[in-house]
>>> print(open('structure16.cif').read())   # mmCIF, C-alpha atoms and all ligand atoms
data_final
loop_
_atom_site.label_atom_id
_atom_site.label_comp_id
_atom_site.auth_asym_id
_atom_site.auth_seq_id
_atom_site.Cartn_x
_atom_site.Cartn_y
_atom_site.Cartn_z
CA MET A 10 -15.88 22.11 -9.92
CA ASN A 11 -15.14 19.43 -7.34
CA HIS A 12 -12.49 17.51 -9.22
CA LYS A 13 -9.30 17.65 -11.23
CA VAL A 14 -8.48 14.51 -13.18
CA ALA A 15 -6.55 13.80 -16.38
CA ASP A 16 -9.47 13.34 -18.77
CA LEU A 17 -13.16 12.76 -18.04
CA LYS A 18 -13.49 10.98 -21.38
CA LEU A 19 -11.71 8.02 -19.79
CA ALA A 20 -14.69 7.43 -17.49
CA ASP A 21 -16.24 4.57 -19.49
CA ALA A 22 -12.99 2.61 -19.43
CA GLY A 23 -12.70 3.34 -15.72
CA ARG A 24 -16.18 2.01 -15.04
CA LEU A 25 -15.26 -1.29 -16.68
CA ARG A 26 -12.19 -1.58 -14.47
CA ILE A 27 -14.25 -0.88 -11.37
CA ASP A 28 -16.93 -3.39 -12.41
CA TRP A 29 -14.19 -5.99 -12.71
CA ALA A 30 -12.81 -5.18 -9.27
CA GLU A 31 -16.30 -5.28 -7.73
CA SER A 32 -16.73 -8.80 -9.08
CA ARG A 33 -13.55 -9.83 -7.17
CA MET A 34 -14.27 -8.07 -3.87
CA PRO A 35 -17.22 -9.94 -2.39
CA VAL A 36 -16.50 -9.11 1.26
CA LEU A 37 -16.49 -5.37 0.73
CA MET A 38 -19.53 -5.66 -1.52
CA ALA A 39 -21.42 -7.53 1.21
CA LEU A 40 -20.51 -4.78 3.69
CA ARG A 41 -21.76 -2.24 1.14
CA GLU A 42 -25.15 -3.93 0.87
CA ARG A 43 -25.58 -3.86 4.64
CA ALA A 44 -24.37 -0.28 4.83
CA LYS A 45 -26.92 0.88 2.25
CA ARG A 46 -29.61 -0.03 4.76
CA GLU A 47 -27.88 1.01 7.98
CA GLN A 48 -26.10 4.20 6.78
CA PRO A 49 -23.27 3.98 9.36
CA LEU A 50 -21.37 6.90 7.81
CA LYS A 51 -24.31 9.26 7.43
CA GLY A 52 -23.19 12.85 7.86
CA MET A 53 -19.48 11.97 7.73
CA ARG A 54 -17.11 13.90 5.47
CA ILE A 55 -14.15 11.66 4.63
CA ALA A 56 -10.96 13.07 3.15
CA GLY A 57 -8.98 10.21 1.62
CA CYS A 58 -5.41 10.05 0.40
CA LEU A 59 -5.05 6.60 -1.09
CA HIS A 60 -3.84 5.18 -4.43
CA VAL A 61 -6.61 5.82 -6.94
CA THR A 62 -6.99 2.28 -8.22
CA LYS A 63 -9.98 0.21 -9.25
CA GLU A 64 -9.96 -1.36 -5.77
CA THR A 65 -9.94 2.02 -4.06
CA ALA A 66 -12.91 2.95 -6.26
CA VAL A 67 -14.83 0.02 -4.78
CA LEU A 68 -14.02 1.34 -1.30
CA VAL A 69 -14.99 4.90 -2.25
CA ARG A 70 -18.34 3.77 -3.65
CA THR A 71 -18.91 1.79 -0.46
CA LEU A 72 -18.21 4.82 1.73
CA VAL A 73 -20.68 6.85 -0.31
CA ALA A 74 -23.27 4.06 -0.18
CA ALA A 75 -22.89 4.12 3.60
CA GLY A 76 -23.91 7.77 3.69
CA ALA A 77 -20.55 9.59 3.61
CA GLU A 78 -19.43 12.48 1.49
CA ILE A 79 -15.87 12.02 0.25
CA SER A 80 -13.04 14.07 -1.17
CA TRP A 81 -10.06 12.16 -2.50
CA SER A 82 -6.48 12.46 -3.65
CA GLY A 83 -3.94 9.83 -4.67
CA CYS A 84 -1.20 9.01 -2.18
CA ASN A 85 1.58 8.58 -4.70
CA PRO A 86 2.47 10.63 -7.79
CA LEU A 87 2.64 7.59 -10.07
CA SER A 88 -0.10 5.32 -8.73
CA THR A 89 -3.28 7.00 -9.97
CA ASN A 90 -5.16 5.15 -12.66
CA ASP A 91 -6.54 7.98 -14.78
CA GLU A 92 -9.44 5.90 -16.06
CA VAL A 93 -10.60 5.10 -12.55
CA ALA A 94 -10.18 8.71 -11.41
CA ALA A 95 -12.29 9.85 -14.38
CA ALA A 96 -15.03 7.32 -13.62
CA LEU A 97 -15.31 8.48 -10.01
CA ALA A 98 -15.27 12.17 -10.96
CA ALA A 99 -17.97 11.46 -13.57
CA GLU A 100 -20.09 9.98 -10.79
CA GLY A 101 -20.01 13.43 -9.21
CA LEU A 102 -17.43 12.52 -6.58
CA SER A 103 -14.75 14.95 -5.45
CA MET A 104 -11.56 13.57 -6.96
CA TYR A 105 -8.18 15.28 -7.20
CA ALA A 106 -5.78 12.84 -8.79
CA TRP A 107 -3.94 12.22 -12.01
CA HIS A 108 -1.02 10.06 -12.99
CA GLY A 109 2.40 11.70 -12.99
CA LEU A 110 1.61 14.82 -10.98
CA SER A 111 4.48 16.81 -9.48
CA VAL A 112 5.21 16.90 -5.76
CA ASP A 113 3.72 20.43 -5.55
CA GLU A 114 0.58 19.25 -7.32
CA PHE A 115 0.45 16.26 -5.00
CA TYR A 116 0.14 18.57 -1.98
CA TRP A 117 -2.25 20.88 -3.85
CA CYS A 118 -4.56 17.89 -4.33
CA ILE A 119 -4.38 17.02 -0.63
CA GLU A 120 -5.22 20.63 0.21
CA ARG A 121 -8.33 20.48 -1.99
CA THR A 122 -9.59 17.43 -0.09
CA LEU A 123 -9.40 19.46 3.13
CA ASP A 124 -11.58 22.25 1.76
CA PHE A 125 -14.78 20.58 2.97
CA LYS A 126 -13.45 20.27 6.52
CA PRO A 127 -13.41 16.50 6.96
CA THR A 128 -14.73 14.66 9.98
CA LEU A 129 -12.65 11.57 9.17
CA THR A 130 -9.35 11.10 7.34
CA LEU A 131 -8.00 8.06 5.54
CA ASP A 132 -4.31 7.75 4.72
CA ASP A 133 -1.86 5.50 3.00
CA GLY A 134 1.55 6.81 4.04
CA ALA A 135 0.28 9.52 6.45
CA ASP A 136 0.79 12.44 4.05
CA LEU A 137 -2.74 13.78 4.48
CA ILE A 138 -2.84 13.51 8.25
CA PHE A 139 0.61 15.03 8.43
CA GLN A 140 -0.56 17.93 6.26
CA VAL A 141 -3.49 18.50 8.65
CA HIS A 142 -1.14 18.48 11.63
CA ALA A 143 1.60 20.62 10.10
CA LYS A 144 -0.44 23.14 8.11
CA HIS A 145 -4.03 23.09 9.42
CA PRO A 146 -4.07 22.06 13.08
CA GLU A 147 -7.33 24.01 13.48
CA LEU A 148 -9.02 21.50 11.15
CA ALA A 149 -8.09 18.67 13.49
CA LYS A 150 -10.68 19.94 16.00
CA SER A 151 -13.52 18.77 13.79
CA VAL A 152 -11.85 15.48 12.85
CA ILE A 153 -13.16 12.55 14.88
CA GLY A 154 -10.38 10.23 13.79
CA GLY A 155 -8.35 8.76 10.99
CA THR A 156 -7.16 5.50 9.51
CA GLU A 157 -3.78 4.48 8.10
CA GLU A 158 -3.31 1.77 5.49
CA THR A 159 0.39 0.99 5.36
CA THR A 160 3.36 -0.05 7.50
CA THR A 161 5.48 3.05 7.02
CA GLY A 162 2.51 5.35 7.61
CA VAL A 163 1.78 3.59 10.89
CA GLN A 164 5.45 4.00 11.87
CA ARG A 165 5.22 7.75 11.25
CA LEU A 166 2.01 8.02 13.25
CA ARG A 167 3.37 6.01 16.17
CA ALA A 168 6.36 8.38 16.25
CA MET A 169 3.96 11.36 16.28
CA ALA A 170 1.89 9.80 19.08
CA ALA A 171 5.04 9.04 21.10
CA ASP A 172 5.99 12.71 20.78
CA GLY A 173 2.54 13.70 22.03
CA LYS A 174 1.87 15.41 18.69
CA LEU A 175 -1.05 13.36 17.42
CA LEU A 176 -4.22 15.48 17.45
CA TYR A 177 -6.83 12.74 16.97
CA PRO A 178 -7.12 8.94 17.23
CA VAL A 179 -6.02 6.76 14.35
CA TYR A 180 -6.77 3.15 13.52
CA ALA A 181 -3.72 1.32 12.17
CA VAL A 182 -5.50 -0.73 9.53
CA ASN A 183 -2.14 -2.17 8.52
CA ASP A 184 -1.84 -3.91 11.87
CA SER A 185 -4.86 -6.14 11.29
CA GLU A 186 -3.93 -9.71 10.54
CA THR A 187 -6.31 -9.73 7.56
CA LYS A 188 -4.25 -6.82 6.20
CA TRP A 189 -0.56 -7.42 6.89
CA ASP A 190 -0.61 -11.18 6.60
CA PHE A 191 -2.31 -11.08 3.19
CA ASP A 192 -2.00 -7.71 1.44
CA ASN A 193 1.63 -7.19 2.47
CA VAL A 194 2.70 -10.73 1.64
CA TYR A 195 0.64 -12.06 -1.26
CA GLY A 196 -0.44 -8.68 -2.62
CA THR A 197 3.06 -7.22 -2.68
CA GLY A 198 4.55 -10.51 -3.85
CA GLN A 199 2.42 -10.80 -6.95
CA SER A 200 1.97 -7.14 -7.84
CA SER A 201 5.65 -6.24 -7.50
CA LEU A 202 6.67 -8.98 -9.89
CA ASP A 203 3.83 -7.92 -12.17
CA GLY A 204 5.35 -4.42 -12.21
CA VAL A 205 8.88 -5.70 -12.86
CA LEU A 206 7.65 -7.85 -15.73
CA ARG A 207 5.53 -5.14 -17.34
CA ALA A 208 8.46 -2.71 -17.16
CA THR A 209 11.14 -5.16 -18.34
CA SER A 210 9.67 -8.42 -19.69
CA VAL A 211 12.83 -10.15 -18.43
CA LEU A 212 12.98 -13.88 -17.77
CA LEU A 213 13.06 -14.39 -14.03
CA ALA A 214 14.01 -18.06 -14.15
CA GLY A 215 17.70 -18.46 -13.38
CA LYS A 216 18.13 -14.82 -12.37
CA THR A 217 19.47 -13.68 -9.04
CA VAL A 218 16.82 -11.51 -7.43
CA VAL A 219 18.03 -9.47 -4.46
CA VAL A 220 15.24 -8.60 -2.05
CA GLY A 221 16.08 -5.72 0.27
CA GLY A 222 14.30 -6.42 3.55
CA TYR A 223 12.69 -9.70 4.55
CA GLY A 224 9.59 -8.35 6.28
CA HIS A 225 6.12 -9.30 5.10
CA CYS A 226 6.53 -7.50 1.79
CA GLY A 227 10.03 -8.82 1.14
CA ARG A 228 9.00 -12.36 2.01
CA GLY A 229 6.09 -12.15 -0.41
CA VAL A 230 8.33 -10.92 -3.20
CA ALA A 231 10.98 -13.57 -2.46
CA GLU A 232 8.45 -16.41 -2.45
CA ARG A 233 6.84 -15.40 -5.72
CA ALA A 234 10.17 -14.74 -7.47
CA ARG A 235 11.43 -18.15 -6.35
CA GLY A 236 8.21 -19.63 -7.71
CA MET A 237 9.23 -18.31 -11.12
CA GLY A 238 12.64 -19.91 -10.89
CA ALA A 239 14.74 -17.05 -9.56
CA ASN A 240 17.50 -17.50 -6.98
CA ILE A 241 16.86 -15.23 -4.04
CA VAL A 242 19.32 -13.23 -2.00
CA ALA A 243 17.78 -11.45 0.98
CA THR A 244 19.35 -8.60 2.91
CA GLU A 245 18.27 -7.70 6.44
CA ILE A 246 19.17 -5.74 9.54
CA ARG A 247 17.24 -7.89 12.02
CA ALA A 248 18.87 -11.20 12.87
CA THR A 249 15.59 -13.05 13.40
CA GLN A 250 14.23 -11.98 10.02
CA ALA A 251 17.50 -12.94 8.36
CA LEU A 252 17.34 -16.34 10.01
CA LYS A 253 13.80 -16.86 8.72
CA ALA A 254 15.01 -16.08 5.21
CA VAL A 255 17.85 -18.60 5.58
CA LEU A 256 15.51 -21.32 6.84
CA GLU A 257 13.18 -20.62 3.94
CA GLY A 258 16.11 -21.60 1.76
CA HIS A 259 17.28 -18.17 0.63
CA ARG A 260 20.81 -16.81 0.73
CA VAL A 261 21.40 -13.93 3.13
CA MET A 262 24.28 -11.48 2.96
CA LYS A 263 25.14 -7.81 3.28
CA MET A 264 23.98 -5.57 0.46
CA ASP A 265 27.64 -4.78 -0.30
CA GLU A 266 28.05 -8.43 -1.36
CA ALA A 267 24.59 -8.84 -2.89
CA ALA A 268 25.13 -5.77 -5.06
CA LYS A 269 27.76 -7.67 -7.05
CA LEU A 270 25.50 -10.68 -7.68
CA GLY A 271 22.04 -9.34 -8.40
CA ASP A 272 20.31 -9.26 -11.76
CA VAL A 273 17.16 -7.68 -10.32
CA PHE A 274 17.00 -5.71 -7.06
CA ILE A 275 13.70 -5.07 -5.28
CA THR A 276 13.78 -2.98 -2.11
CA ALA A 277 10.99 -3.53 0.42
CA THR A 278 12.28 -2.11 3.68
CA GLY A 279 10.52 1.18 4.46
CA MET A 280 14.00 2.63 5.10
CA LYS A 281 16.00 5.10 3.07
CA ASP A 282 19.35 4.46 1.34
CA ILE A 283 19.12 0.71 0.82
CA LEU A 284 20.84 1.04 -2.56
CA VAL A 285 23.45 3.80 -2.65
CA GLY A 286 26.50 4.84 -4.65
CA ARG A 287 28.88 2.13 -3.49
CA HIS A 288 26.34 -0.50 -4.55
CA PHE A 289 25.89 1.03 -8.00
CA ASP A 290 29.70 1.01 -8.31
CA VAL A 291 29.84 -2.80 -8.21
CA MET A 292 26.61 -3.83 -9.92
CA LYS A 293 26.65 -5.94 -13.06
CA ASP A 294 26.05 -4.35 -16.43
CA GLY A 295 22.31 -4.63 -17.07
CA ALA A 296 21.18 -4.78 -13.44
CA VAL A 297 17.54 -3.84 -12.89
CA ILE A 298 16.70 -1.89 -9.73
CA CYS A 299 13.31 -1.04 -8.29
CA ASN A 300 11.46 -0.38 -5.06
CA THR A 301 8.23 -1.64 -3.60
CA GLY A 302 8.32 0.20 -0.26
CA HIS A 303 5.88 3.09 0.17
CA TYR A 304 8.27 6.02 -0.24
CA ASP A 305 10.77 6.64 -3.02
CA CYS A 306 13.83 7.02 -0.78
CA GLU A 307 15.00 3.39 -0.69
CA ILE A 308 17.08 3.81 -3.85
CA ASN A 309 19.36 6.82 -3.69
CA ILE A 310 18.71 8.20 -7.16
CA GLY A 311 20.99 11.20 -6.54
CA ASP A 312 23.92 8.80 -6.15
CA LEU A 313 22.93 7.06 -9.38
CA GLU A 314 22.61 10.35 -11.26
CA ALA A 315 26.05 11.41 -10.02
CA ARG A 316 27.60 8.35 -11.71
CA THR A 317 25.64 8.68 -14.92
CA ARG A 318 26.92 9.68 -18.33
CA SER A 319 23.58 9.52 -20.15
CA LYS A 320 20.08 8.21 -19.63
CA ARG A 321 17.05 7.43 -21.72
CA GLU A 322 13.62 5.91 -21.24
CA ILE A 323 13.99 2.57 -22.92
CA ARG A 324 10.47 1.33 -22.12
CA PRO A 325 7.60 2.76 -20.07
CA ASN A 326 8.67 2.85 -16.40
CA ASN A 327 12.18 1.77 -17.31
CA GLU A 328 15.08 4.23 -17.52
CA GLU A 329 18.45 3.14 -18.74
CA TYR A 330 21.29 4.86 -16.87
CA THR A 331 24.62 4.52 -18.65
CA LEU A 332 27.31 5.07 -16.07
CA LYS A 333 30.60 6.84 -16.72
CA ASP A 334 32.37 3.46 -16.94
CA GLY A 335 29.89 2.21 -19.54
CA ARG A 336 27.84 -0.15 -17.36
CA ARG A 337 24.07 0.19 -17.66
CA ILE A 338 21.65 0.15 -14.75
CA TYR A 339 17.90 0.09 -15.33
CA LEU A 340 15.82 2.05 -12.82
CA LEU A 341 12.14 1.16 -12.82
CA ALA A 342 9.29 3.57 -12.02
CA LYS A 343 11.68 6.27 -10.81
CA GLY A 344 12.23 4.31 -7.62
CA ARG A 345 8.57 4.65 -6.65
CA LEU A 346 6.27 1.74 -5.80
CA ILE A 347 6.90 -0.61 -8.72
CA ASN A 348 3.63 -2.47 -8.26
CA LEU A 349 1.41 0.59 -8.45
CA ALA A 350 3.44 2.63 -10.92
CA ALA A 351 4.15 -0.08 -13.48
CA ALA A 352 1.28 -2.49 -12.80
CA GLU A 353 -2.13 -2.16 -11.12
CA GLY A 354 -1.21 -2.52 -7.47
CA HIS A 355 -2.31 -5.51 -5.44
CA PRO A 356 -4.96 -7.77 -6.90
CA SER A 357 -8.57 -7.03 -5.98
CA GLU A 358 -8.94 -10.26 -4.04
CA VAL A 359 -6.48 -9.19 -1.32
CA MET A 360 -7.57 -5.56 -1.30
CA ASP A 361 -11.05 -6.93 -0.54
CA MET A 362 -9.95 -7.63 3.03
CA SER A 363 -7.68 -4.60 3.43
CA PHE A 364 -10.45 -2.26 2.40
CA ALA A 365 -13.09 -4.13 4.40
CA ASN A 366 -10.87 -3.28 7.39
CA GLN A 367 -10.66 0.33 6.24
CA PHE A 368 -14.41 0.53 5.92
CA LEU A 369 -15.07 -1.02 9.34
CA ALA A 370 -12.44 1.21 10.96
CA LEU A 371 -14.15 4.32 9.60
CA CYS A 372 -17.54 3.03 10.77
CA ALA A 373 -16.08 2.41 14.24
CA LEU A 374 -14.70 5.96 14.33
CA ALA A 375 -18.01 7.44 13.20
CA LYS A 376 -19.79 5.57 15.98
CA ASP A 377 -17.38 5.75 18.91
CA GLY A 378 -14.36 7.77 17.79
CA LYS A 379 -15.16 10.62 20.17
CA LYS A 380 -14.53 8.29 23.10
CA LEU A 381 -11.01 7.41 21.93
CA GLU A 382 -7.77 9.03 23.03
CA LYS A 383 -5.28 10.69 20.69
CA LYS A 384 -3.46 7.43 20.08
CA VAL A 385 -2.78 4.85 17.42
CA TYR A 386 -5.19 1.94 17.85
CA ALA A 387 -5.30 -1.57 16.43
CA LEU A 388 -8.62 -2.93 15.17
CA PRO A 389 -10.19 -5.70 17.27
CA PRO A 390 -8.71 -9.14 16.47
CA GLU A 391 -12.22 -10.65 16.38
CA GLN A 392 -12.80 -8.55 13.30
CA ASP A 393 -10.01 -10.47 11.55
CA GLN A 394 -11.74 -13.76 12.26
CA GLU A 395 -15.07 -12.42 11.04
CA LEU A 396 -13.60 -11.04 7.84
CA ALA A 397 -11.58 -14.19 7.17
CA GLN A 398 -14.71 -16.30 7.73
CA LEU A 399 -16.61 -14.13 5.30
CA LYS A 400 -13.79 -14.38 2.77
CA LEU A 401 -13.63 -18.17 3.07
CA GLY A 402 -17.39 -18.31 2.63
CA THR A 403 -17.19 -16.32 -0.59
CA MET A 404 -14.53 -18.80 -1.77
CA GLY A 405 -16.92 -21.67 -1.09
CA MET A 406 -14.98 -23.00 1.88
CA ALA A 407 -16.05 -23.85 5.41
CA ILE A 408 -13.93 -24.69 8.46
CA ASP A 409 -14.49 -26.61 11.66
CA ALA A 410 -15.50 -25.09 14.99
CA LEU A 411 -14.54 -26.32 18.46
CA THR A 412 -17.16 -28.43 20.21
CA ALA A 413 -18.20 -27.49 23.75
CA GLU A 414 -16.03 -30.37 25.00
CA GLN A 415 -13.01 -29.05 23.12
CA GLN A 416 -13.62 -25.55 24.42
CA LYS A 417 -13.52 -26.94 27.93
CA TYR A 418 -10.28 -28.79 27.17
CA LEU A 419 -8.68 -25.51 26.11
CA SER A 420 -8.90 -24.09 29.60
CA ASP A 421 -8.46 -27.33 31.49
CA TYR A 422 -4.97 -27.06 32.92
CA SER A 423 -5.31 -30.32 34.87
CA ALA A 424 -5.47 -32.41 31.69
CA GLY A 425 -2.12 -34.01 30.86
CA THR A 426 -0.69 -37.19 29.44
N1 LIG A 501 -2.16 -0.97 -2.14
N2 LIG A 501 -3.31 -0.63 -2.68
C1 LIG A 501 -3.42 -1.29 -3.82
N3 LIG A 501 -4.70 -2.12 -5.67
O1 LIG A 501 -5.44 -0.40 -4.49
N4 LIG A 501 -2.35 -2.01 -4.03
C2 LIG A 501 -1.54 -1.81 -2.96
C3 LIG A 501 -4.60 -1.23 -4.69
C4 LIG A 501 -1.73 -0.47 -0.85
C5 LIG A 501 -1.32 -1.58 0.11
O2 LIG A 501 -2.37 -1.80 1.03
C6 LIG A 501 -0.06 -1.02 0.79
O3 LIG A 501 -0.15 -1.06 2.19
C7 LIG A 501 0.03 0.39 0.26
O4 LIG A 501 -0.59 0.33 -1.01
C8 LIG A 501 1.43 0.97 0.13
O5 LIG A 501 1.34 2.29 -0.28
#
>>> encode(input="structure16.cif", output="structure tokens")
Amino acid sequence: MNHKVADLKLADAGRLRIDWAESRMPVLMALRERAKREQPLKGMRIAGCLHVTKETAVLVRTLVAAGAEISWSGCNPLSTNDEVAAALAAEGLSMYAWHGLSVDEFYWCIERTLDFKPTLTLDDGADLIFQVHAKHPELAKSVIGGTEETTTGVQRLRAMAADGKLLYPVYAVNDSETKWDFDNVYGTGQSSLDGVLRATSVLLAGKTVVVGGYGHCGRGVAERARGMGANIVATEIRATQALKAVLEGHRVMKMDEAAKLGDVFITATGMKDILVGRHFDVMKDGAVICNTGHYDCEINIGDLEARTRSKREIRPNNEEYTLKDGRRIYLLAKGRLINLAAAEGHPSEVMDMSFANQFLALCALAKDGKKLEKKVYALPPEQDQELAQLKLGTMGMAIDALTAEQQKYLSDYSAGT
């Protein structure tokens, strides 16, 4: 058997979800059509460790249509959609993913995707590539290269490369403008609030929403929460980011102060210990806390547990912690990615471009990866323009182009007032 999923009987429901996503991902679908003819991934074995969502399914089918064999695991214990996993397994694809697996099972699944000795790896959070490096360095010899989807994964890989430990080249898909400036901002913004609402159904209007970290993800969350009538408090460690938040009209303060004011807290930093014991000590009764950064370390759950008298699951993805002094704090999705655990992750329309970048990065590795050094690479910026053009086209929009005269003006340094 080449799969382990929750229940193959869910496959029909999964197929419907994937059909829906395919109807919203025209750029990736256009790349798929071309790839069916050109077979750019023929002979490639791709091990993937990426949230098993309906959007990922569209990517997986595209990789297969392009000639690749795949073996897949989810990159987060709570993000797998069991229906989608069942649909892909029922198509005969090698799929090791189910919702709510333990950390041991998580690594077992990754191990299974290495059994067929991949030639390419695809990561979201670098857990797979790290497993290859730490446990199976011999496998790295037959890997041409890898890709990485998310900010924190790229950080980890850059640190490995700086230490001279990276064993093969990696494309930082996250660093493409058509990824970080869309997926991270609008994708995270909408899907994180979607997760908060599904888990709580609270009214956001009039609430104080504290956003931990005003990077692309935090900015997206702040903008969308404000759009629903919330008052935003942003916390930061970088002065320039903090200043941007202020000039966008948000309040900025230290988390020690924000902790007293917030009704809903959403961490989006990529750093551990954003919410810790001293913050829980001063939070209001009823405060809701969640995380939308990749790893589950942003909220220190140990500190919360240590202050807790009792806890119960009050709704799906929503645990009520009653503290020793009687205050209640609501932890969503066990501090894991709120958008993927409690909702469906980013909408298909933004994943269209993220995964088009993934697909093109893997094609580039299959073609020329052997010529690359063991470094972290960015994708070519021209690719962003091409993908954005394609996307605009599918949205029925066209833009202007410079005339030859204007082109000349661009490089004419003698032209002045
Ligand atoms: N992400 N994927 C989805 N619907 O498949 N939603 C979010 C989806 C990715 C996103 O690209 C981000 O960089 C990463 O999840 C964080 O783990």
>>> residues_near_point(input="structure16.cif", point="(17.6, 8.8, 3.5)", cutoff="8 Å", atoms="all atoms listed in the file", output="list in words")
Met280, Lys281, Asp282, Cys306, Glu307 and Asn309 of chain A
>>> closest_residue(input="structure16.cif", among="A:Ala375, A:Ala170, A:Leu284, A:Leu97", to="Ala75 in chain A", atoms="all atoms listed in the file")
A:Ala375
>>> residues_around(input="structure16.cif", residues="range 45-59 of chain A", least_positions_apart="3", cutoff="7 Å", atoms="only C-alpha atoms", output="MDAnalysis selection string")
chainID A and resid 41:42 74:84 122:123 127:133 137 372 375
>>> residues_near_point(input="structure16.cif", point="(-14.9, 4.6, -8.1)", cutoff="7 Å", atoms="all atoms listed in the file", output="PyMOL selection string")
chain A and resi 27+63+65-67+69-70+93+96-97
>>> residues_near_ligand(input="structure16.cif", ligand="ligand LIG 501 (chain A)", cutoff="8 Å", atoms="only C-alpha atoms and all ligand atoms", output="MDAnalysis selection string")
chainID A and resid 59:65 84:85 133:134 158:160 183 188:189 192:193 196:197 200 302:304 346 348:349 353:357 360 363
>>> residues_around(input="structure16.cif", residues="Glu329 in chain A", least_positions_apart="4", cutoff="12 Å", atoms="only C-alpha atoms", output="VMD selection string")
chain A and resid 208 to 209 294 to 298 313 to 314 317 to 325 335 to 343
>>> residues_around(input="structure16.cif", residues="range 395-407 of chain A", least_positions_apart="4", cutoff="10 Å", atoms="only C-alpha atoms", output="PyMOL selection string")
chain A and resi 33-37+39+186-187+358-359+361-363+365-366+390-391
>>> atom_distance(input="structure16.cif", atom1="CA of Ala15 in chain A", atom2="CA of Phe115 in chain A")
13.6 Å
>>> residues_around(input="structure16.cif", residues="Ala387 in chain A", least_positions_apart="5", cutoff="7 Å", atoms="all atoms listed in the file", output="PyMOL selection string")
chain A and resi 180-182+184-185
>>> atom_distance(input="structure16.cif", atom1="CA of Leu17 in chain A", atom2="CA of Val141 in chain A")
29.0 Å
>>> closest_residue(input="structure16.cif", among="A:Gly279, A:Gly23, A:Gly204, A:Gly198", to="Gln164 in chain A", atoms="all atoms listed in the file")
A:Gly279
>>> atom_distance(input="structure16.cif", atom1="CA of Ile308 in chain A", atom2="CA of Val179 in chain A")
29.6 Å
>>> decode(input="structure16.cif", residues="range 274-296 of chain A", atoms="C-alpha atoms", output="PDB file, in the first residue's frame")
ATOM      1  CA  PHE A 274      -4.732  37.955  20.003  1.00  0.00           C
ATOM      2  CA  ILE A 275      -3.285  36.670  16.737  1.00  0.00           C
ATOM      3  CA  THR A 276       0.450  35.973  16.610  1.00  0.00           C
ATOM      4  CA  ALA A 277       2.149  36.157  13.214  1.00  0.00           C
ATOM      5  CA  THR A 278       5.842  36.556  13.938  1.00  0.00           C
ATOM      6  CA  GLY A 279       7.687  33.299  13.191  1.00  0.00           C
ATOM      7  CA  MET A 280       9.296  33.683  16.631  1.00  0.00           C
ATOM      8  CA  LYS A 281       8.737  31.717  19.802  1.00  0.00           C
ATOM      9  CA  ASP A 282       7.338  33.043  23.104  1.00  0.00           C
ATOM     10  CA  ILE A 283       5.299  35.966  21.826  1.00  0.00           C
ATOM     11  CA  LEU A 284       2.605  35.263  24.418  1.00  0.00           C
ATOM     12  CA  VAL A 285       3.998  33.933  27.705  1.00  0.00           C
ATOM     13  CA  GLY A 286       3.002  33.616  31.355  1.00  0.00           C
ATOM     14  CA  ARG A 287       3.233  37.277  32.313  1.00  0.00           C
ATOM     15  CA  HIS A 288       0.871  38.135  29.453  1.00  0.00           C
ATOM     16  CA  PHE A 289      -1.669  35.502  30.496  1.00  0.00           C
ATOM     17  CA  ASP A 290      -1.471  36.961  34.023  1.00  0.00           C
ATOM     18  CA  VAL A 291      -2.933  40.293  32.894  1.00  0.00           C
ATOM     19  CA  MET A 292      -5.314  39.293  30.099  1.00  0.00           C
ATOM     20  CA  LYS A 293      -9.014  40.058  30.324  1.00  0.00           C
ATOM     21  CA  ASP A 294     -11.471  37.340  31.219  1.00  0.00           C
ATOM     22  CA  GLY A 295     -12.638  35.853  27.914  1.00  0.00           C
ATOM     23  CA  ALA A 296      -9.570  36.733  25.853  1.00  0.00           C
TER      24      ALA A 296
END
